[in-house]
Amino acid sequence: MLDSAEFLTPAQIVAELDKYIIGQHEAKRHVAIALRNRWRRLHAAPDMQREIVPNNILMIGSTGVGKTEIARRLASISGAPFTKVEASKFTEVGYVGRDVESMVRDLVEQSVNMVKLRRKEEVKAQAAQAVEDLILDILIPPVTNAAQPAAKPALGFPVAAPGEMPDSDHELNERTRERFREKIRNGELDERKIEIRVQHTSGPGISVMGGPGGMDEASMAGIQDMLGSMLPKKTRKRKVTVAEARKILLDEEAAKLIDMDEVKDEAIRQAENAGIIFIDEIDKVASRSGKGGGGPDVSREGVQRDLLPIVEGSAVNTKYGIIQTDHILFIAAGAFHVAKPSDLIPELQGRFPIRVELQSLTKEDFFRILKDPKNALTKQYEALLQAEGVVLTFDDTALERLAEIAFEVNSEVENIGARRLHTVMSRLLNDILFDVPDRIGPNAHILITRELVEERLRDMVRNRDLSQYIL
């Protein structure tokens with residue numbers, strides 16, 4: 001989290017990004033600085049914290065060069081709330097479609113889920129103890145008072161009330177409970193069926209309809225939540241195994257230990273100070289140069305003008321409360337093949353002062369993408385076949401040829417960047433994936449060589465009309 005004393009330095013952030021993304025060092029440096037600056041702002045003098053605004057970033061580059069992956073990994077590294085949206089999905093106010101404020105609401109929703117998950121982890125041990133007691137009470141009901149009749153536990157034998165058994169039997173009951181507590185902890189009773197009560201909300205789902213000039217999305221969601229909370233909570237019986245009961249009851253018990261008001265407050269605070277919104281395809285809402293007024297360009301410019309106050313800093317109403325967007329980091333990206341960054345309205349251009357051009361991928365980049373990253377495609381396919389007990393390995397000369405083919409196809413057809421490797425690898429390995437495990441059984445070792453690559457992809461290399469391979 002951003003308030004951690006051990007928050008990564010810019011060099012460490014770049015090193016983390018290097019584990020998953022090949023090349024694009026300039027873009028990595030800029031996002032690393034932007035992320036570290038967020039930590040610096042929170043540790044600056046209190047009177048300056050409100051004045052320091054983030055330097056939003058505009059990434060320019062063809063599809064598949066790493067724009068989205070950089071933003072996603074950045075959020076993962078920082079543990080910050082992150083949401084990705086596509087600018088082309090938004091419409092100007094007054095048109096049917098998503099309004100731009102929905103991206104902020106999505107960010108807050110993500111932040112609430114993150115904080116809730118973290119709080120559940122904090123109370124997990126306490127909740128687990130409560131669940132253990134609940135399951136034990138079902139298996140071996142505790143002795144209560146003399147006025148109550150003898151209880152019949154899930155194990156099938158009665159446990160007498162206090163007035164009906166001597167002290168030694170009380171002790172026997174407690175010893176029995178402790179033995180079964182150990183069995184529960186050791187998993188010895190995981191397959192035993194027990195009957196539990198689970199909560200559910202009675203009544204049909206409630207939907208709130210909005211009309212022209214009516215309530216916004218956040219107001220409708222808030223009313224819907226309020227009405228939902230007013231419905232009576234009932235319980236119903238379910239017969240499940242002890243293992244299943246542990247999972248079901250753990251969520252319920254953890255939820256009881258969490259203060260949702262505190263969760264909402266912290267989530268809003270995290271979204272405001274650490275939130276990252278990635279706006280993809282921003283070039284799709286740029287009005288193309290030389291176009292006159294009218295047509296779709298009017299709507300595109302309208303979306304830009306709706307985006308402007310959000311990026312500049314404004315208050316957005318969400319069902320969890322009002323969030324200020326002044327210190328949210330916005331990263332926009334686009335290929336800008338047709339439109340240019342200068343086609344965006346000047347006010348919006350000014351809100352993205354850092355511009356980074358991502359480089360097209362070379363043959364050497366493709367080779368490294370196949371070999372180096374922790375999530376490399378080759379490693380993914382190796383893991384898939386390992387699940388079948390088959391060992392798959394790639395010769396370096398095979399990887400070099402795969403990189404060459406991907407580069408050639410991108411050059412001759414449409415450049416879709418690293419996504420081309422998915423096409424090439426799929427064509428290379430589909431027959432093997434189909435034959436495992438029917439024809440290729442466990443303990444087999446498959447070595448992918450340059451010769452095998454040439455054989456399997458010969459048609460793909462020779463065919464100059466490669467449209468069928470475009471994703």
# chains A, B, ... in the order shown; residues from 1 in each chain; ligands from 1

call {"tool": "select_by_dssp", "arguments": {"residues": "region 303-360 of chain A", "states": "alpha helix (DSSP H)", "output": "VMD selection string"}}
result
chain A and resid 303 to 312 346 to 350

call {"tool": "residues_around", "arguments": {"residues": "region 15-29 of chain A", "least_positions_apart": "2", "cutoff": "9 Å", "atoms": "only C-alpha atoms", "output": "MDAnalysis selection string"}}
result
chainID A and resid 10:13 31:34 59 65:67 69:70 73:74 77 355:359 361 365:366 368:369 372:376

call {"tool": "atom_distance", "arguments": {"atom1": "CA of Glu51 (chain A)", "atom2": "CA of Gln349 (chain A)"}}
result
20.5 Å

call {"tool": "closest_residue", "arguments": {"among": "A:Thr91, A:Arg119, A:Ala339, A:Thr378", "to": "Arg305 (chain A)", "atoms": "only C-alpha atoms"}}
result
A:Thr91

call {"tool": "residues_around", "arguments": {"residues": "Lys237 (chain A)", "least_positions_apart": "2", "cutoff": "10 Å", "atoms": "only C-alpha atoms", "output": "PyMOL selection string"}}
result
chain A and resi 195-199+235+239-240

call {"tool": "write_last_selection", "arguments": {"atoms": "N, CA and C atoms", "output": "compact mmCIF listing (two decimals), in the first residue's frame"}}
result
# COMPACT_ATOMS: atom_id res chain seq x y z
N GLU A 195 -25.97 -30.44 9.00
CA GLU A 195 -27.01 -29.49 8.58
C GLU A 195 -26.70 -28.13 9.20
N ILE A 196 -26.62 -27.12 8.36
CA ILE A 196 -26.31 -25.77 8.85
C ILE A 196 -27.42 -24.82 8.40
N ARG A 197 -27.45 -23.66 9.02
CA ARG A 197 -28.38 -22.61 8.62
C ARG A 197 -27.59 -21.49 7.96
N VAL A 198 -28.02 -21.09 6.77
CA VAL A 198 -27.34 -20.00 6.06
C VAL A 198 -28.33 -18.87 5.85
N GLN A 199 -27.81 -17.66 5.84
CA GLN A 199 -28.66 -16.48 5.68
C GLN A 199 -28.97 -16.25 4.22
N THR A 235 -33.09 -17.39 7.43
CA THR A 235 -32.13 -18.48 7.30
C THR A 235 -32.83 -19.70 6.73
N LYS A 239 -27.83 -29.07 3.89
CA LYS A 239 -27.05 -30.22 4.32
C LYS A 239 -25.78 -30.27 3.48
N VAL A 240 -24.66 -30.08 4.12
CA VAL A 240 -23.38 -29.99 3.42
C VAL A 240 -22.33 -30.76 4.21

call {"tool": "atom_distance", "arguments": {"atom1": "CA of Gly275 (chain A)", "atom2": "CA of Leu329 (chain A)"}}
result
6.4 Å

call {"tool": "atom_distance", "arguments": {"atom1": "CA of Phe407 (chain A)", "atom2": "CA of Thr362 (chain A)"}}
result
6.9 Å

call {"tool": "residues_around", "arguments": {"residues": "Gly187 (chain A)", "least_positions_apart": "5", "cutoff": "12 Å", "atoms": "only C-alpha atoms", "output": "PyMOL selection string"}}
result
chain A and resi 132+180-182+192+241-244+246

call {"tool": "residues_around", "arguments": {"residues": "Ala286 (chain A)", "least_positions_apart": "5", "cutoff": "9 Å", "atoms": "only C-alpha atoms", "output": "list in words"}}
result
Asp297, Arg300, Glu301, Gln304, Phe336, Ala339, Lys340, Pro341, Ser342, Asp343, Leu344 and Ile345 of chain A

call {"tool": "residues_around", "arguments": {"residues": "region 109-117 of chain A", "least_positions_apart": "4", "cutoff": "10 Å", "atoms": "only C-alpha atoms", "output": "PyMOL selection string"}}
result
chain A and resi 79-83+103-105+121-122+254-255+258-260+262-272+274-275+318-320
